[in-house]
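Asker: Okay, so here is final22.pdb, and as you'll see once you scroll down, it has PDB, C-alpha atoms.
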MODEL        1
ATOM      1  CA  MET A   1      46.293  21.690  20.218
ATOM      2  CA  SER A   2      45.957  21.501  23.992
ATOM      3  CA  GLU A   3      42.338  21.515  25.096
ATOM      4  CA  LEU A   4      43.270  23.950  27.865
ATOM      5  CA  LEU A   5      44.779  26.509  25.500
ATOM      6  CA  SER A   6      42.091  25.918  22.879
ATOM      7  CA  GLU A   7      39.499  26.749  25.511
ATOM      8  CA  LEU A   8      41.412  29.901  26.429
ATOM      9  CA  ARG A   9      41.534  31.044  22.806
ATOM     10  CA  ALA A  10      37.817  30.414  22.344
ATOM     11  CA  ALA A  11      36.971  32.171  25.619
ATOM     12  CA  CYS A  12      39.051  35.229  24.694
ATOM     13  CA  ALA A  13      37.351  35.419  21.304
ATOM     14  CA  GLU A  14      33.965  35.336  22.992
ATOM     15  CA  VAL A  15      34.910  38.008  25.518
ATOM     16  CA  ALA A  16      36.175  40.171  22.645
ATOM     17  CA  ARG A  17      32.816  39.721  20.932
ATOM     18  CA  ARG A  18      30.886  40.774  24.045
ATOM     19  CA  ALA A  19      33.296  43.410  25.382
ATOM     20  CA  ARG A  20      31.907  46.802  26.276
ATOM     21  CA  GLN A  21      34.936  48.824  27.392
ATOM     22  CA  VAL A  22      37.622  47.407  25.076
ATOM     23  CA  THR A  23      37.141  46.923  21.354
ATOM     24  CA  LEU A  24      39.312  45.476  18.628
ATOM     25  CA  ASP A  25      39.819  47.370  15.366
ATOM     26  CA  LEU A  26      39.554  44.418  12.993
ATOM     27  CA  GLU A  27      40.469  46.492   9.949
ATOM     28  CA  SER A  28      43.842  47.286  11.504
ATOM     29  CA  ILE A  29      44.888  43.648  11.922
ATOM     30  CA  ALA A  30      46.176  42.913   8.419
ATOM     31  CA  PRO A  31      48.274  46.088   7.993
ATOM     32  CA  TYR A  32      49.523  45.858  11.565
ATOM     33  CA  ALA A  33      50.551  42.228  11.095
ATOM     34  CA  ALA A  34      52.325  43.107   7.862
ATOM     35  CA  SER A  35      54.248  45.883   9.601
ATOM     36  CA  LEU A  36      55.832  43.580  12.173
ATOM     37  CA  PRO A  37      59.411  42.471  11.510
ATOM     38  CA  SER A  38      60.080  38.863  10.622
ATOM     39  CA  VAL A  39      62.646  38.410  13.354
ATOM     40  CA  CYS A  40      62.432  39.700  16.892
ATOM     41  CA  GLY A  41      65.267  40.209  19.305
ATOM     42  CA  PRO A  42      66.753  37.233  21.119
ATOM     43  CA  ALA A  43      64.750  35.551  23.830
ATOM     44  CA  ARG A  44      67.927  34.379  25.534
ATOM     45  CA  PRO A  45      68.203  35.043  29.281
ATOM     46  CA  ASP A  46      69.886  38.257  30.384
ATOM     47  CA  PRO A  47      72.962  37.350  32.485
ATOM     48  CA  ALA A  48      72.498  40.555  34.493
ATOM     49  CA  GLU A  49      69.126  39.287  35.703
ATOM     50  CA  HIS A  50      69.041  35.543  35.168
ATOM     51  CA  LEU A  51      71.063  32.482  36.088
ATOM     52  CA  VAL A  52      72.749  31.362  32.862
ATOM     53  CA  GLY A  53      75.115  28.679  34.126
ATOM     54  CA  GLY A  54      74.632  25.622  36.290
ATOM     55  CA  THR A  55      73.296  22.095  36.265
ATOM     56  CA  PRO A  56      69.881  21.298  34.772
ATOM     57  CA  GLU A  57      68.563  20.950  38.339
ATOM     58  CA  GLU A  58      69.859  24.398  39.317
ATOM     59  CA  LEU A  59      68.599  26.089  36.170
ATOM     60  CA  THR A  60      65.167  24.486  36.369
ATOM     61  CA  ALA A  61      64.937  25.482  40.025
ATOM     62  CA  PHE A  62      65.858  29.047  39.097
ATOM     63  CA  TRP A  63      63.178  29.430  36.436
ATOM     64  CA  LEU A  64      60.421  27.751  38.431
ATOM     65  CA  THR A  65      61.305  29.838  41.481
ATOM     66  CA  LEU A  66      61.446  33.094  39.533
ATOM     67  CA  ASP A  67      58.284  32.482  37.533
ATOM     68  CA  ALA A  68      56.383  31.450  40.665
ATOM     69  CA  ILE A  69      56.871  35.065  41.811
ATOM     70  CA  ASN A  70      56.807  36.730  38.389
ATOM     71  CA  PHE A  71      53.866  38.919  39.335
ATOM     72  CA  GLY A  72      53.058  42.066  41.249
ATOM     73  CA  SER A  73      53.285  44.809  38.616
ATOM     74  CA  GLY A  74      50.457  46.588  40.431
ATOM     75  CA  TRP A  75      52.761  46.961  43.427
ATOM     76  CA  PHE A  76      55.960  47.776  41.492
ATOM     77  CA  PRO A  77      55.591  51.561  41.974
ATOM     78  CA  THR A  78      55.766  50.917  45.735
ATOM     79  CA  MET A  79      58.859  48.675  45.602
ATOM     80  CA  ARG A  80      62.455  49.612  46.249
ATOM     81  CA  LYS A  81      63.969  49.157  42.779
ATOM     82  CA  ARG A  82      67.613  48.747  41.893
ATOM     83  CA  SER A  83      69.122  51.593  39.908
ATOM     84  CA  GLY A  84      68.174  51.243  36.257
ATOM     85  CA  HIS A  85      66.025  48.177  36.972
ATOM     86  CA  SER A  86      62.314  47.627  36.483
ATOM     87  CA  GLY A  87      60.281  45.875  39.140
ATOM     88  CA  TYR A  88      60.668  42.534  37.373
ATOM     89  CA  ALA A  89      64.402  43.031  36.856
ATOM     90  CA  THR A  90      64.809  43.874  40.543
ATOM     91  CA  VAL A  91      63.095  40.632  41.538
ATOM     92  CA  ALA A  92      64.953  38.538  38.952
ATOM     93  CA  ALA A  93      68.343  39.935  39.912
ATOM     94  CA  GLY A  94      67.629  39.259  43.584
ATOM     95  CA  VAL A  95      66.752  35.623  42.891
ATOM     96  CA  ARG A  96      69.833  35.255  40.682
ATOM     97  CA  GLU A  97      72.124  36.628  43.382
ATOM     98  CA  ARG A  98      70.619  34.289  45.975
ATOM     99  CA  PHE A  99      71.272  31.306  43.687
ATOM    100  CA  ARG A 100      74.826  32.383  42.949
ATOM    101  CA  ALA A 101      75.689  33.055  46.578
ATOM    102  CA  HIS A 102      73.940  30.158  48.295
ATOM    103  CA  GLY A 103      72.594  27.867  45.581
ATOM    104  CA  PRO A 104      68.910  27.183  44.997
ATOM    105  CA  TRP A 105      66.413  26.989  47.787
ATOM    106  CA  SER A 106      65.557  23.324  48.150
ATOM    107  CA  ALA A 107      61.954  22.266  47.718
ATOM    108  CA  ALA A 108      61.764  21.675  51.486
ATOM    109  CA  GLU A 109      63.155  25.151  52.193
ATOM    110  CA  LEU A 110      60.657  26.766  49.835
ATOM    111  CA  ALA A 111      57.807  24.825  51.430
ATOM    112  CA  ARG A 112      58.418  26.667  54.711
ATOM    113  CA  ILE A 113      59.801  30.002  53.477
ATOM    114  CA  GLU A 114      58.527  33.197  55.090
ATOM    115  CA  ALA A 115      58.187  36.753  53.811
ATOM    116  CA  ALA A 116      61.225  38.002  55.752
ATOM    117  CA  GLU A 117      63.555  35.614  53.909
ATOM    118  CA  VAL A 118      62.086  36.520  50.529
ATOM    119  CA  ALA A 119      62.341  40.228  51.319
ATOM    120  CA  ALA A 120      65.984  39.873  52.374
ATOM    121  CA  ALA A 121      66.856  38.188  49.087
ATOM    122  CA  LEU A 122      65.068  40.851  47.055
ATOM    123  CA  GLY A 123      66.130  43.909  49.075
ATOM    124  CA  GLN A 124      62.597  44.765  50.187
ATOM    125  CA  ASP A 125      60.766  45.403  53.447
ATOM    126  CA  SER A 126      59.418  42.222  55.005
ATOM    127  CA  ASP A 127      56.045  43.809  55.774
ATOM    128  CA  HIS A 128      55.420  44.717  52.131
ATOM    129  CA  GLU A 129      52.223  42.983  50.995
ATOM    130  CA  LEU A 130      53.927  41.616  47.897
ATOM    131  CA  MET A 131      56.553  39.779  49.978
ATOM    132  CA  GLN A 132      53.758  37.950  51.771
ATOM    133  CA  LEU A 133      52.265  36.904  48.430
ATOM    134  CA  PHE A 134      55.664  35.874  47.070
ATOM    135  CA  ALA A 135      56.283  33.688  50.128
ATOM    136  CA  ALA A 136      52.882  31.999  49.817
ATOM    137  CA  SER A 137      53.524  31.228  46.146
ATOM    138  CA  LEU A 138      56.978  29.827  46.860
ATOM    139  CA  ARG A 139      55.628  27.636  49.650
ATOM    140  CA  ASP A 140      53.140  26.120  47.219
ATOM    141  CA  LEU A 141      55.895  25.558  44.640
ATOM    142  CA  GLY A 142      58.086  23.869  47.237
ATOM    143  CA  ALA A 143      55.252  21.661  48.453
ATOM    144  CA  HIS A 144      54.503  20.424  44.921
ATOM    145  CA  VAL A 145      58.129  19.750  44.015
ATOM    146  CA  ALA A 146      58.777  18.029  47.347
ATOM    147  CA  GLY A 147      55.597  15.981  47.327
ATOM    148  CA  ASP A 148      55.151  15.152  43.652
ATOM    149  CA  TYR A 149      58.738  15.053  42.372
ATOM    150  CA  ASN A 150      60.720  13.889  45.412
ATOM    151  CA  GLY A 151      62.283  17.337  45.694
ATOM    152  CA  HIS A 152      63.768  17.359  42.180
ATOM    153  CA  PHE A 153      62.969  20.486  40.141
ATOM    154  CA  ALA A 154      64.358  19.048  36.907
ATOM    155  CA  ALA A 155      61.877  16.190  37.173
ATOM    156  CA  VAL A 156      59.043  18.678  36.599
ATOM    157  CA  VAL A 157      60.400  19.397  33.137
ATOM    158  CA  GLN A 158      61.475  15.831  32.465
ATOM    159  CA  ARG A 159      57.975  14.556  33.111
ATOM    160  CA  ALA A 160      56.614  17.039  30.564
ATOM    161  CA  GLY A 161      58.821  15.471  27.894
ATOM    162  CA  SER A 162      59.123  17.584  24.769
ATOM    163  CA  SER A 163      55.880  19.469  25.354
ATOM    164  CA  ALA A 164      55.587  23.007  26.694
ATOM    165  CA  VAL A 165      51.830  22.562  26.651
ATOM    166  CA  THR A 166      52.104  19.552  28.962
ATOM    167  CA  LEU A 167      54.161  21.600  31.409
ATOM    168  CA  VAL A 168      51.587  24.395  31.304
ATOM    169  CA  SER A 169      48.801  21.884  31.960
ATOM    170  CA  THR A 170      50.718  20.583  34.972
ATOM    171  CA  LEU A 171      51.410  24.028  36.420
ATOM    172  CA  ALA A 172      47.786  25.010  35.833
ATOM    173  CA  GLY A 173      46.822  22.796  38.753
ATOM    174  CA  TRP A 174      49.204  24.488  41.224
ATOM    175  CA  SER A 175      48.032  27.448  43.282
ATOM    176  CA  CYS A 176      51.336  29.250  42.681
ATOM    177  CA  PHE A 177      50.574  29.453  38.943
ATOM    178  CA  GLU A 178      46.782  29.759  39.093
ATOM    179  CA  ASP A 179      45.339  32.476  36.830
ATOM    180  CA  ILE A 180      41.581  32.157  36.387
ATOM    181  CA  SER A 181      39.181  35.005  35.660
ATOM    182  CA  ARG A 182      35.455  35.002  34.941
ATOM    183  CA  TYR A 183      33.382  37.198  32.665
ATOM    184  CA  ASP A 184      29.644  36.942  31.973
ATOM    185  CA  GLY A 185      29.655  33.254  32.905
ATOM    186  CA  ILE A 186      32.838  32.541  30.910
ATOM    187  CA  SER A 187      35.859  31.048  32.695
ATOM    188  CA  LEU A 188      39.261  32.078  31.359
ATOM    189  CA  SER A 189      42.447  30.299  32.428
ATOM    190  CA  PHE A 190      44.953  32.863  31.122
ATOM    191  CA  LEU A 191      47.905  31.013  32.723
ATOM    192  CA  LYS A 192      50.248  33.866  31.925
ATOM    193  CA  ARG A 193      53.024  32.774  34.279
ATOM    194  CA  ALA A 194      52.684  29.047  33.582
ATOM    195  CA  GLN A 195      53.128  29.749  29.877
ATOM    196  CA  ILE A 196      56.026  32.123  30.518
ATOM    197  CA  ALA A 197      57.737  29.444  32.621
ATOM    198  CA  ALA A 198      57.590  27.066  29.669
ATOM    199  CA  ALA A 199      58.815  29.738  27.255
ATOM    200  CA  ASP A 200      61.593  30.853  29.617
ATOM    201  CA  MET A 201      62.962  27.363  30.064
ATOM    202  CA  SER A 202      62.800  26.708  26.349
ATOM    203  CA  ALA A 203      64.682  29.924  25.574
ATOM    204  CA  ALA A 204      67.262  29.130  28.256
ATOM    205  CA  GLY A 205      67.907  25.720  26.748
ATOM    206  CA  VAL A 206      66.710  24.001  29.910
ATOM    207  CA  ALA A 207      63.794  22.205  28.265
ATOM    208  CA  PRO A 208      63.641  20.486  24.847
ATOM    209  CA  PHE A 209      60.141  21.723  24.079
ATOM    210  CA  GLU A 210      58.963  21.305  20.492
ATOM    211  CA  ASP A 211      55.599  23.033  20.750
ATOM    212  CA  VAL A 212      56.311  26.508  22.139
ATOM    213  CA  ASP A 213      54.487  27.878  19.086
ATOM    214  CA  ARG A 214      51.253  26.505  20.581
ATOM    215  CA  LEU A 215      51.351  28.909  23.513
ATOM    216  CA  THR A 216      49.183  32.019  23.567
ATOM    217  CA  MET A 217      50.226  35.574  24.255
ATOM    218  CA  PHE A 218      51.278  36.070  27.875
ATOM    219  CA  ALA A 219      48.377  38.182  29.124
ATOM    220  CA  ASP A 220      49.749  41.007  31.236
ATOM    221  CA  ASN A 221      49.478  44.803  31.188
ATOM    222  CA  LEU A 222      52.249  45.793  28.758
ATOM    223  CA  VAL A 223      51.269  44.148  25.466
ATOM    224  CA  PRO A 224      47.654  45.431  25.731
ATOM    225  CA  HIS A 225      49.143  48.888  26.361
ATOM    226  CA  VAL A 226      51.248  48.639  23.198
ATOM    227  CA  LEU A 227      48.263  47.418  21.181
ATOM    228  CA  ARG A 228      46.182  50.332  22.472
ATOM    229  CA  LEU A 229      48.752  52.975  21.618
ATOM    230  CA  ASP A 230      49.240  51.354  18.210
ATOM    231  CA  GLY A 231      45.493  51.576  17.524
ATOM    232  CA  VAL A 232      44.711  47.863  17.451
ATOM    233  CA  LEU A 233      42.777  47.993  20.729
ATOM    234  CA  ARG A 234      40.474  50.847  21.667
ATOM    235  CA  PHE A 235      39.584  51.534  25.270
ATOM    236  CA  ALA A 236      36.489  53.434  26.363
ATOM    237  CA  PRO A 237      37.360  57.062  27.205
ATOM    238  CA  GLU A 238      36.460  56.638  30.859
ATOM    239  CA  LEU A 239      38.771  53.597  31.115
ATOM    240  CA  VAL A 240      41.618  55.553  29.526
ATOM    241  CA  GLU A 241      41.031  58.362  32.026
ATOM    242  CA  ARG A 242      41.233  55.931  34.947
ATOM    243  CA  ILE A 243      44.480  54.459  33.631
ATOM    244  CA  GLU A 244      46.022  57.851  32.858
ATOM    245  CA  ARG A 245      45.434  59.123  36.393
ATOM    246  CA  GLY A 246      46.989  55.980  37.865
ATOM    247  CA  GLU A 247      43.842  54.485  39.327
ATOM    248  CA  LEU A 248      44.144  50.776  40.118
ATOM    249  CA  ILE A 249      41.907  48.551  38.003
ATOM    250  CA  ASP A 250      40.497  45.714  40.077
ATOM    251  CA  HIS A 251      41.724  42.308  39.014
ATOM    252  CA  GLY A 252      38.823  40.255  37.701
ATOM    253  CA  CYS A 253      36.548  43.221  37.009
ATOM    254  CA  GLY A 254      34.956  43.463  33.579
ATOM    255  CA  ALA A 255      37.367  46.047  32.209
ATOM    256  CA  GLU A 256      40.478  44.182  33.373
ATOM    257  CA  VAL A 257      39.330  40.873  31.913
ATOM    258  CA  GLU A 258      38.403  42.602  28.645
ATOM    259  CA  ILE A 259      41.872  44.176  28.431
ATOM    260  CA  ARG A 260      43.623  40.815  28.807
ATOM    261  CA  ALA A 261      41.205  38.758  26.709
ATOM    262  CA  CYS A 262      41.009  41.238  23.837
ATOM    263  CA  ALA A 263      44.807  41.426  23.720
ATOM    264  CA  VAL A 264      45.086  37.636  23.552
ATOM    265  CA  HIS A 265      42.492  37.522  20.772
ATOM    266  CA  ALA A 266      44.176  40.362  18.874
ATOM    267  CA  VAL A 267      47.506  38.525  18.945
ATOM    268  CA  GLU A 268      45.793  35.355  17.701
ATOM    269  CA  LEU A 269      44.369  37.300  14.740
ATOM    270  CA  ILE A 270      47.773  38.848  14.060
ATOM    271  CA  ALA A 271      49.370  35.397  14.151
ATOM    272  CA  ALA A 272      46.750  34.112  11.702
ATOM    273  CA  ALA A 273      47.715  36.939   9.337
ATOM    274  CA  ARG A 274      51.444  36.291   9.836
ATOM    275  CA  THR A 275      51.893  32.546   9.663
ATOM    276  CA  ASP A 276      55.659  32.958  10.112
ATOM    277  CA  LEU A 277      55.143  34.326  13.642
ATOM    278  CA  ALA A 278      53.665  32.375  16.547
ATOM    279  CA  ALA A 279      51.703  34.145  19.275
ATOM    280  CA  ALA A 280      54.608  33.915  21.737
ATOM    281  CA  SER A 281      56.949  35.515  19.184
ATOM    282  CA  ILE A 282      54.477  38.333  18.576
ATOM    283  CA  ASP A 283      54.224  38.789  22.339
ATOM    284  CA  ARG A 284      58.017  39.180  22.511
ATOM    285  CA  LEU A 285      58.047  41.657  19.632
ATOM    286  CA  LEU A 286      55.405  43.808  21.269
ATOM    287  CA  TRP A 287      56.993  43.513  24.712
ATOM    288  CA  GLN A 288      60.264  44.783  23.253
ATOM    289  CA  ARG A 289      58.407  47.607  21.520
ATOM    290  CA  GLY A 290      56.910  48.491  24.886
ATOM    291  CA  GLN A 291      60.380  49.404  26.196
ATOM    292  CA  LEU A 292      60.535  52.378  23.814
ATOM    293  CA  PRO A 293      59.993  55.900  25.248
ATOM    294  CA  ARG A 294      56.699  56.395  23.423
ATOM    295  CA  TYR A 295      55.157  53.525  25.369
ATOM    296  CA  LYS A 296      56.970  53.948  28.665
ATOM    297  CA  SER A 297      55.984  57.610  28.877
ATOM    298  CA  ARG A 298      52.276  56.737  29.014
ATOM    299  CA  PRO A 299      50.675  54.937  31.987
ATOM    300  CA  ARG A 300      49.445  51.407  31.453
ATOM    301  CA  HIS A 301      46.791  49.763  33.556
ATOM    302  CA  ARG A 302      47.812  48.512  36.978
ATOM    303  CA  SER A 303      46.065  45.724  38.881
ATOM    304  CA  ARG A 304      47.237  44.239  42.167
ATOM    305  CA  CYS A 305      47.081  40.513  41.655
ATOM    306  CA  THR A 306      49.183  37.351  41.422
ATOM    307  CA  ALA A 307      48.454  36.889  37.705
ATOM    308  CA  TYR A 308      51.021  39.369  36.327
TER     309      TYR A 308
ENDMDL
END
In structure tokens, what does this structure look like?
Answerer:
Amino acid sequence: MSELLSELRAACAEVARRARQVTLDLESIAPYAASLPSVCGPARPDPAEHLVGGTPEELTAFWLTLDAINFGSGWFPTMRKRSGHSGYATVAAGVRERFRAHGPWSAAELARIEAAEVAAALGQDSDHELMQLFAASLRDLGAHVAGDYNGHFAAVVQRAGSSAVTLVSTLAGWSCFEDISRYDGISLSFLKRAQIAAADMSAAGVAPFEDVDRLTMFADNLVPHVLRLDGVLRFAPELVERIERGELIDHGCGAEVEIRACAVHAVELIAAARTDLAAASIDRLLWQRGQLPRYKSRPRHRSRCTAY
């Protein structure tokens, strides 16, 4: 197993052991794991949101571009969303339409992209803080692809061979996919978006990865929410009150790191109890469950960050 992801698993287990505001109900793990279905819904790309046709270069460019800006849920309530679309779906559909109308941004174009161009593609205001962050992330992506891969997006995947973990390890060193938090002297490289990029390209048939089952849960704010409402995670009453009244939880603060780390550790324990389901599959099951009214009707924690 990748040293990077092994370290993340060990760090999350240690945070869960020390956590003060989020606790894991260990007795619930076995029955909860047993209750999960054996097969989850398809992970295939949604043609309404994603590019599903094109050359390997175009498809790889699409997924790397989209996942480089697959963050900002803390700002989503302030975005202009398309009718019937979530914040993510609004962003994804905007990127898809740009690719279909004009083709991919080249690595050189991304390396110098500005917020106004990103905002125009996504139907947002150019002075929105998130557009500035999106542009900065895309510039870093473009610089890496231009400088390290001679401008070829597909080469990023080709160099990873058959290993999703290798791709994650590569992306871990890029600012546009950086996701490091610290807790009581522990460093946690959650790498949510780097891992999702690998999973997305595998599901889309863009990458021949053979080790997607070695990825962890994709630490965001929805799966922990599902685990809390299902009784696997327990949040301190004062933390629940802050979330319920819509208060932003600072990225990197103790409570926010505990939420993400305890969710990752919970999914690892569930996967250990259900050897037919890898952590990424459990993540998808719980993410799909999170679309149900019971979960969508209750606020989940919001943090303004580039991690998720």
Asker: If I take atom CA of A:Ser28 and atom CA of A:Ile196, how far is one from the other in Å, to one decimal?
Answerer: 27.2 Å
Asker: Which residue is closest to A:Leu8? Choose from A:Ser106, A:Thr216, A:Thr306, A:Ser163 and count only C-alpha atoms.
Answerer: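 With only C-alpha atoms as the atom set, the closest residue is A:Thr216.
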Asker: On this structure, the PyMOL selection byres ((chain A and resi 212) around 8) would catch which residues? List them as JSON, numbers by chain, sorted by chain and number.
Answerer: {"A": [163, 164, 165, 198, 199, 202, 209, 210, 211, 213, 214, 215, 280]}
Asker: Please compute the atom CA of A:Glu268-atom CA of A:Gln288 distance, one decimal, in Å.
Answerer: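 According to the coordinates, atom CA of A:Glu268 and atom CA of A:Gln288 are separated by 18.1 Å.
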Asker: Starting from the PyMOL selection byres ((chain A and resi 257) around 12), expand the selection into actual residues of this file and give them as a VMD selection string.
Answerer: chain A and resid 11 to 12 14 to 16 18 to 22 179 to 184 186 to 190 219 to 221 224 249 to 256 258 to 264 301 303 307
Asker: May I have the residues from that selection written out with C-alpha atoms, as an mmCIF file, in the frame of the given file?
Answerer:
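Generated output (out.cif):
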data_model
loop_
_atom_site.group_PDB
_atom_site.id
_atom_site.type_symbol
_atom_site.label_atom_id
_atom_site.label_comp_id
_atom_site.auth_asym_id
_atom_site.auth_seq_id
_atom_site.Cartn_x
_atom_site.Cartn_y
_atom_site.Cartn_z
ATOM 1 C CA ALA A 11 36.971 32.171 25.619
ATOM 2 C CA CYS A 12 39.051 35.229 24.694
ATOM 3 C CA GLU A 14 33.965 35.336 22.992
ATOM 4 C CA VAL A 15 34.910 38.008 25.518
ATOM 5 C CA ALA A 16 36.175 40.171 22.645
ATOM 6 C CA ARG A 18 30.886 40.774 24.045
ATOM 7 C CA ALA A 19 33.296 43.410 25.382
ATOM 8 C CA ARG A 20 31.907 46.802 26.276
ATOM 9 C CA GLN A 21 34.936 48.824 27.392
ATOM 10 C CA VAL A 22 37.622 47.407 25.076
ATOM 11 C CA ASP A 179 45.339 32.476 36.830
ATOM 12 C CA ILE A 180 41.581 32.157 36.387
ATOM 13 C CA SER A 181 39.181 35.005 35.660
ATOM 14 C CA ARG A 182 35.455 35.002 34.941
ATOM 15 C CA TYR A 183 33.382 37.198 32.665
ATOM 16 C CA ASP A 184 29.644 36.942 31.973
ATOM 17 C CA ILE A 186 32.838 32.541 30.910
ATOM 18 C CA SER A 187 35.859 31.048 32.695
ATOM 19 C CA LEU A 188 39.261 32.078 31.359
ATOM 20 C CA SER A 189 42.447 30.299 32.428
ATOM 21 C CA PHE A 190 44.953 32.863 31.122
ATOM 22 C CA ALA A 219 48.377 38.182 29.124
ATOM 23 C CA ASP A 220 49.749 41.007 31.236
ATOM 24 C CA ASN A 221 49.478 44.803 31.188
ATOM 25 C CA PRO A 224 47.654 45.431 25.731
ATOM 26 C CA ILE A 249 41.907 48.551 38.003
ATOM 27 C CA ASP A 250 40.497 45.714 40.077
ATOM 28 C CA HIS A 251 41.724 42.308 39.014
ATOM 29 C CA GLY A 252 38.823 40.255 37.701
ATOM 30 C CA CYS A 253 36.548 43.221 37.009
ATOM 31 C CA GLY A 254 34.956 43.463 33.579
ATOM 32 C CA ALA A 255 37.367 46.047 32.209
ATOM 33 C CA GLU A 256 40.478 44.182 33.373
ATOM 34 C CA GLU A 258 38.403 42.602 28.645
ATOM 35 C CA ILE A 259 41.872 44.176 28.431
ATOM 36 C CA ARG A 260 43.623 40.815 28.807
ATOM 37 C CA ALA A 261 41.205 38.758 26.709
ATOM 38 C CA CYS A 262 41.009 41.238 23.837
ATOM 39 C CA ALA A 263 44.807 41.426 23.720
ATOM 40 C CA VAL A 264 45.086 37.636 23.552
ATOM 41 C CA HIS A 301 46.791 49.763 33.556
ATOM 42 C CA SER A 303 46.065 45.724 38.881
ATOM 43 C CA ALA A 307 48.454 36.889 37.705
#
Asker: Mind pulling up the distance from atom CA of A:Thr170 to atom CA of A:Ala108?
Answerer: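 Calculated distance between atom CA of A:Ala108 and atom CA of A:Thr170 is 19.9 Å.
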Asker: Assuming the chain letters and numbering stay as they are in my file, what does the PyMOL selection byres ((chain A and resi 50) around 9) actually select? List them as a PyMOL selection string.
Answerer: chain A and resi 45-49+51-52+62-63+89+92-93+95-97
Asker: Would you mind telling me which residue in A:Met217, A:Ala116, A:Leu110, A:Ala204 lies nearest to A:Leu277 when using only C-alpha atoms?
Answerer: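 Counting only C-alpha atoms, the residue closest to A:Leu277 is A:Met217.
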Asker: Applying 7 Å and only C-alpha atoms, which residues near stretch 33-36 of chain A remain after dropping the ones on its own chain fewer than 4 positions away? List them as a PyMOL selection string.
Answerer: chain A and resi 29+270+273-274
Asker: With distances taken over all atoms listed in the file, which residue among A:His152, A:Arg9, A:Arg82, A:Lys192 lies nearest A:Ala61?
Answerer: A:His152
Asker: So, counting only C-alpha atoms, which residue among A:Ala154, A:Ala13, A:Asp140, A:Ala120 is closest to A:Glu58?
Answerer: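 Among the listed residues, the smallest separation from A:Glu58 belongs to A:Ala154.
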Asker: Skip A:Leu285 itself and residues of its chain fewer than 4 positions away, then list as a PDB file with C-alpha atoms, keeping the file's coordinate frame all residues within 12 Å of it, counting all atoms listed in the file.
Answerer:
ATOM      1  CA  ALA A  33      50.551  42.228  11.095  1.00  0.00           C
ATOM      2  CA  SER A  35      54.248  45.883   9.601  1.00  0.00           C
ATOM      3  CA  LEU A  36      55.832  43.580  12.173  1.00  0.00           C
ATOM      4  CA  PRO A  37      59.411  42.471  11.510  1.00  0.00           C
ATOM      5  CA  SER A  38      60.080  38.863  10.622  1.00  0.00           C
ATOM      6  CA  VAL A  39      62.646  38.410  13.354  1.00  0.00           C
ATOM      7  CA  CYS A  40      62.432  39.700  16.892  1.00  0.00           C
ATOM      8  CA  GLY A  41      65.267  40.209  19.305  1.00  0.00           C
ATOM      9  CA  PRO A  42      66.753  37.233  21.119  1.00  0.00           C
ATOM     10  CA  ALA A  43      64.750  35.551  23.830  1.00  0.00           C
ATOM     11  CA  MET A 217      50.226  35.574  24.255  1.00  0.00           C
ATOM     12  CA  LEU A 222      52.249  45.793  28.758  1.00  0.00           C
ATOM     13  CA  VAL A 223      51.269  44.148  25.466  1.00  0.00           C
ATOM     14  CA  VAL A 226      51.248  48.639  23.198  1.00  0.00           C
ATOM     15  CA  LEU A 227      48.263  47.418  21.181  1.00  0.00           C
ATOM     16  CA  VAL A 267      47.506  38.525  18.945  1.00  0.00           C
ATOM     17  CA  LEU A 277      55.143  34.326  13.642  1.00  0.00           C
ATOM     18  CA  ALA A 278      53.665  32.375  16.547  1.00  0.00           C
ATOM     19  CA  ALA A 279      51.703  34.145  19.275  1.00  0.00           C
ATOM     20  CA  ALA A 280      54.608  33.915  21.737  1.00  0.00           C
ATOM     21  CA  SER A 281      56.949  35.515  19.184  1.00  0.00           C
ATOM     22  CA  ARG A 289      58.407  47.607  21.520  1.00  0.00           C
ATOM     23  CA  GLY A 290      56.910  48.491  24.886  1.00  0.00           C
ATOM     24  CA  GLN A 291      60.380  49.404  26.196  1.00  0.00           C
ATOM     25  CA  LEU A 292      60.535  52.378  23.814  1.00  0.00           C
TER      26      LEU A 292
END
Asker: Residues near stretch 231-233 of chain A, anyone? I mean within 6 Å using all atoms listed in the file, not counting same-chain ones fewer than 2 positions away, as a VMD selection string.
Answerer: chain A and resid 23 to 25 227 to 229
Asker: Mind working out the centre and edge lengths of an axis-aligned box for stretch 233-250 of chain A, all listed atoms inside, 4 Å added to each side, rounded to one decimal in Å and written as lines of an AutoDock Vina configuration file?
Answerer:
center_x = 41.7
center_y = 52.4
center_z = 30.4
size_x = 18.5
size_y = 21.4
size_z = 27.4
Asker: Out of A:Val206, A:Val91, A:Gln124, A:Met131, which residue has the shortest atom-to-atom distance to A:Gly54 when counting only C-alpha atoms?
Answerer: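 Among A:Val206, A:Val91, A:Gln124, A:Met131, it is A:Val206 that comes nearest to A:Gly54.
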Asker: Considering only C-alpha atoms, state which residue in the set A:Ala107, A:Asp200, A:Arg44, A:Leu130 is at the smallest distance from A:Phe153.
Answerer: A:Ala107
